[in-house]
Every structure is written in C-alpha cells, then in structure tokens.
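Notes to accompany the following structure.
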Amino acid sequence: MVSGPEREPEILTYRFEDDGRIPNNPRLPLLVYKRVLPGGGAEGFEELFRGNGWGGVWRDGIFGYHHYHSTAHEVLGVARGSARVTFGGEGGVTLEVEEGDAVVIPAGVGHCNRGAGRDLLVVGAYPEGQFWDLCTGEPGERPRVLENIRQVSLPGRDPIFGEGGPLLERWRVCEGEG
C-alpha cells in the first residue's frame, strides 16, 4: 500500500440535493482535498490511487457537459493546470480546482468543466470492484440510476490516505445518518 501525504489537507465538503435532472447523492458529500499533492503530477496521483485500491486509472480532462456516474464513486486528481468545475448540476456550486487538488465525487453527483487552461491534466480512478457508467440526466435514466446509486458500496480505502483516511470516516458517519 502507498502512503499518502503526511498530514491531512484542508478538506471542503459539499452536499447536493436532487435537482430533478441530476440525482446527486442523498447520503454522501463531495469532498475536495486542497493541495493534497502539490507538484505530484500524473504519476504521483496514479501511484496514490492504485496503491490505495482505486483502479481504472485514466488521464484526460473533464467533460464540458453535466454528467455523473450511477455505478461508481470517482476521484479526480488535478495533475497539471486548473479548471472551473460545477458540481451538483446547474444549481450546484462552481469551484476552482488546481494542480495538487483531488476531488472525491460520490455516485450520482454531477460534474461539468466550465473552463480550463489548455494545460489541464486530470487523473481519475474508481474504487476497487466499481465500474463507471456515463449518465447525463435524461428522463429515461431516472428509475435505473436511482437504484444504482443506492447500491454503490463505500470504498474500502481513501484514494489518497488509504485505510483510516478522512474519506472513510466522513462517509461512514454520513451512512449512519440515512
């Protein structure tokens, strides 16, 4: 297992209600880990994610339309550059994510790139055993995706800090609320 940063970074937490198009997640908040891997680059995020049991690792940008995954949670590590990303659908929140930041997106939570520099590079991954789908909020998706989101299990490890990381503590508390 790969160990993460030595200290817990600043973590921002956001909850989103179902907006009628994007279901979001009724139980779990989006977590933004600020400056978790400054200067770590793509290789640093890939090593952390894989070493902490998150697979399906990819490198790219973030789609410029609202979308979400109903069958998997997702982590995005900003390896280079920055972007303005709207989370939670049209009425959600737009955040600036920068090199070194990581965002853990619960299944069902919408995300959309609202503007990025040409140098943006993101590394993404999913918890072990989870496989992503691509949903855009079309009416016909609704019954299937709501059930999918309910069935997505919590990850076994935090993608940055591994076992005992802040993600697990924060999401288990939320699971107990519902």
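Labeling convention for the structure tokens: chains A, B, ... as they appear, residues from 1 per chain, ligands from 1 in order of appearance.
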Requested in this report: Using backbone DSSP assignments, extract all strand (DSSP E or B) residues from stretch 45-141 of chain A; output them as an MDAnalysis selection string.
Outcome: chainID A and resid 54:60 67:68 74:80 82:87 93:98 102:105 111:116 121:127 135
Produce a table with one row for each residue of stretch 10-53 of chain A that has an atom at most 7 Å from any atom of stretch 86-95 of chain A, each row naming the nearest atom pair and its distance in Å at one decimal; use only C-alpha atoms; arrange rows by chain and rising residue number; format as a tab-separated table.
residue	atom	partner	partner_atom	distance
A:Phe16	CA	A:Gly88	CA	5.6
A:Asp19	CA	A:Gly89	CA	7.0
A:Ile22	CA	A:Gly89	CA	5.8
A:Asn24	CA	A:Gly88	CA	6.1
Now that the selection is made, can you save its residues with C-alpha atoms as a compact mmCIF listing (two decimals), in the first residue's frame?
# COMPACT_ATOMS: atom_id res chain seq x y z
CA PHE A 16 -26.26 18.44 -3.16
CA ASP A 19 -32.21 18.83 -8.88
CA ILE A 22 -29.02 15.24 -11.79
CA ASN A 24 -26.74 13.76 -6.83
Excluding stretch 148-151 of chain A and residues on its chain fewer than 5 positions from it, collect all residues at most 8 Å away from it, counting only C-alpha atoms, and give them as a short mmCIF file (atom, residue, chain, number, x, y, z; two decimals) with all heavy atoms, in the first residue's frame.
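Final output, result33.cif:
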data_model
loop_
_atom_site.label_atom_id
_atom_site.label_comp_id
_atom_site.auth_asym_id
_atom_site.auth_seq_id
_atom_site.Cartn_x
_atom_site.Cartn_y
_atom_site.Cartn_z
N ASN A 25 -26.36 12.75 -4.64
CA ASN A 25 -26.31 11.62 -3.72
C ASN A 25 -26.96 12.02 -2.41
O ASN A 25 -26.50 12.96 -1.76
CB ASN A 25 -24.86 11.17 -3.50
CG ASN A 25 -24.77 9.82 -2.85
OD1 ASN A 25 -25.28 9.62 -1.75
ND2 ASN A 25 -24.13 8.88 -3.51
N SER A 70 -23.59 6.50 -12.07
CA SER A 70 -24.54 5.92 -11.12
C SER A 70 -24.04 4.60 -10.53
O SER A 70 -24.64 4.09 -9.58
CB SER A 70 -25.90 5.70 -11.78
OG SER A 70 -25.89 4.59 -12.66
N THR A 71 -22.94 4.08 -11.06
CA THR A 71 -22.47 2.75 -10.63
C THR A 71 -21.11 2.80 -9.94
O THR A 71 -20.57 1.75 -9.58
CB THR A 71 -22.39 1.81 -11.84
OG1 THR A 71 -21.54 2.40 -12.83
CG2 THR A 71 -23.77 1.53 -12.43
N ALA A 72 -20.56 3.98 -9.74
CA ALA A 72 -19.23 4.08 -9.12
C ALA A 72 -19.01 5.48 -8.55
O ALA A 72 -19.52 6.47 -9.07
CB ALA A 72 -18.14 3.79 -10.14
N ALA A 107 -21.12 8.60 -6.20
CA ALA A 107 -22.00 8.17 -7.28
C ALA A 107 -23.23 9.06 -7.29
O ALA A 107 -23.81 9.36 -6.25
CB ALA A 107 -22.41 6.71 -7.07
N GLY A 108 -23.61 9.50 -8.50
CA GLY A 108 -24.80 10.32 -8.67
C GLY A 108 -24.56 11.82 -8.70
O GLY A 108 -25.44 12.57 -9.11
#
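The set of residues in stretch 20-170 of chain A assigned to alpha helix (DSSP H) by DSSP, using only backbone atoms of this structure, is Gly41, Ala42, Glu43, Gly44, Phe45, Glu46, Glu47, Leu48, Phe49, Arg50, Gly51, Arg142, Pro143, Arg144, Val145, Leu146, Glu147, Asn148, Ile149, Arg150, Gln151, Pro166, Leu167, Leu168, Glu169 and Arg170 of chain A.
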Could the residues in this selection be saved with N, CA and C atoms as a compact mmCIF listing (two decimals), in the first residue's frame?
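File produced: again26.txt:
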# COMPACT_ATOMS: atom_id res chain seq x y z
N GLY A 41 2.16 15.66 -9.90
CA GLY A 41 1.96 15.27 -11.28
C GLY A 41 1.12 14.02 -11.43
N ALA A 42 0.95 13.61 -12.70
CA ALA A 42 0.11 12.46 -13.02
C ALA A 42 0.62 11.19 -12.36
N GLU A 43 1.92 10.98 -12.41
CA GLU A 43 2.48 9.75 -11.84
C GLU A 43 2.22 9.67 -10.34
N GLY A 44 2.31 10.79 -9.66
CA GLY A 44 2.07 10.80 -8.22
C GLY A 44 0.64 10.42 -7.88
N PHE A 45 -0.33 10.99 -8.62
CA PHE A 45 -1.73 10.63 -8.38
C PHE A 45 -1.99 9.17 -8.76
N GLU A 46 -1.46 8.72 -9.89
CA GLU A 46 -1.65 7.33 -10.29
C GLU A 46 -1.13 6.37 -9.23
N GLU A 47 0.04 6.66 -8.71
CA GLU A 47 0.64 5.80 -7.68
C GLU A 47 -0.23 5.77 -6.42
N LEU A 48 -0.70 6.95 -5.99
CA LEU A 48 -1.56 7.00 -4.81
C LEU A 48 -2.85 6.23 -5.03
N PHE A 49 -3.52 6.50 -6.14
CA PHE A 49 -4.81 5.86 -6.38
C PHE A 49 -4.67 4.34 -6.47
N ARG A 50 -3.75 3.88 -7.28
CA ARG A 50 -3.57 2.42 -7.43
C ARG A 50 -3.14 1.79 -6.11
N GLY A 51 -2.20 2.43 -5.43
CA GLY A 51 -1.70 1.89 -4.18
C GLY A 51 -2.74 1.82 -3.09
N ARG A 142 -33.71 7.77 -15.19
CA ARG A 142 -34.07 8.01 -13.79
C ARG A 142 -34.31 6.76 -12.94
N PRO A 143 -35.25 5.90 -13.24
CA PRO A 143 -35.51 4.77 -12.34
C PRO A 143 -34.28 3.89 -12.13
N ARG A 144 -33.58 3.61 -13.22
CA ARG A 144 -32.40 2.73 -13.15
C ARG A 144 -31.29 3.36 -12.31
N VAL A 145 -31.00 4.63 -12.54
CA VAL A 145 -29.86 5.25 -11.86
C VAL A 145 -30.12 5.46 -10.38
N LEU A 146 -31.34 5.75 -10.00
CA LEU A 146 -31.62 5.93 -8.57
C LEU A 146 -31.35 4.65 -7.80
N GLU A 147 -31.75 3.53 -8.36
CA GLU A 147 -31.47 2.24 -7.72
C GLU A 147 -29.97 1.94 -7.74
N ASN A 148 -29.30 2.22 -8.86
CA ASN A 148 -27.84 2.02 -8.92
C ASN A 148 -27.12 2.79 -7.83
N ILE A 149 -27.45 4.06 -7.68
CA ILE A 149 -26.77 4.92 -6.70
C ILE A 149 -26.95 4.35 -5.30
N ARG A 150 -28.14 3.89 -4.98
CA ARG A 150 -28.40 3.31 -3.65
C ARG A 150 -27.53 2.09 -3.39
N GLN A 151 -27.20 1.35 -4.45
CA GLN A 151 -26.47 0.10 -4.28
C GLN A 151 -24.95 0.24 -4.32
N PRO A 166 -9.45 10.18 5.83
CA PRO A 166 -10.60 11.03 6.16
C PRO A 166 -11.86 10.71 5.36
N LEU A 167 -11.73 10.23 4.13
CA LEU A 167 -12.91 9.88 3.34
C LEU A 167 -13.74 8.83 4.07
N LEU A 168 -13.10 7.80 4.55
CA LEU A 168 -13.82 6.70 5.20
C LEU A 168 -14.55 7.18 6.44
N GLU A 169 -13.88 7.97 7.25
CA GLU A 169 -14.50 8.49 8.46
C GLU A 169 -15.70 9.38 8.12
N ARG A 170 -15.53 10.28 7.19
CA ARG A 170 -16.61 11.22 6.84
C ARG A 170 -17.78 10.52 6.16
Query raised in the report: Which residues come within 12 Å of A:Gly77, counting only C-alpha atoms, excluding same-chain residues fewer than 6 positions away, as a PyMOL selection string?
Result: chain A and resi 31-49+57-62+83+97-105+120-126+159-160
Query raised in the report: Nearest to A:Tyr68 among A:Asp133, A:Arg27, A:Pro9, A:Pro127, with distances taken over only C-alpha atoms: which residue is it?
Result: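 Among the listed residues, A:Asp133 lies closest to A:Tyr68.
Among A:Val109, A:Glu96, A:Leu154, A:Arg114, the residue with the shortest atom-to-atom distance to A:Tyr14, counting only C-alpha atoms, is A:Val109.
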Requested in this report: Would you mind telling me which residue in A:Gly129, A:Arg157, A:Leu30, A:Arg80 lies nearest to A:Glu17 when using only C-alpha atoms?
Outcome: A:Leu30
Requested in this report: Record the distance separating atom CA of A:Phe63 and atom CA of A:Gly140, expressed in Å with one decimal.
Outcome: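 Atom CA of A:Gly140 lies at a distance of 21.2 Å from atom CA of A:Phe63.
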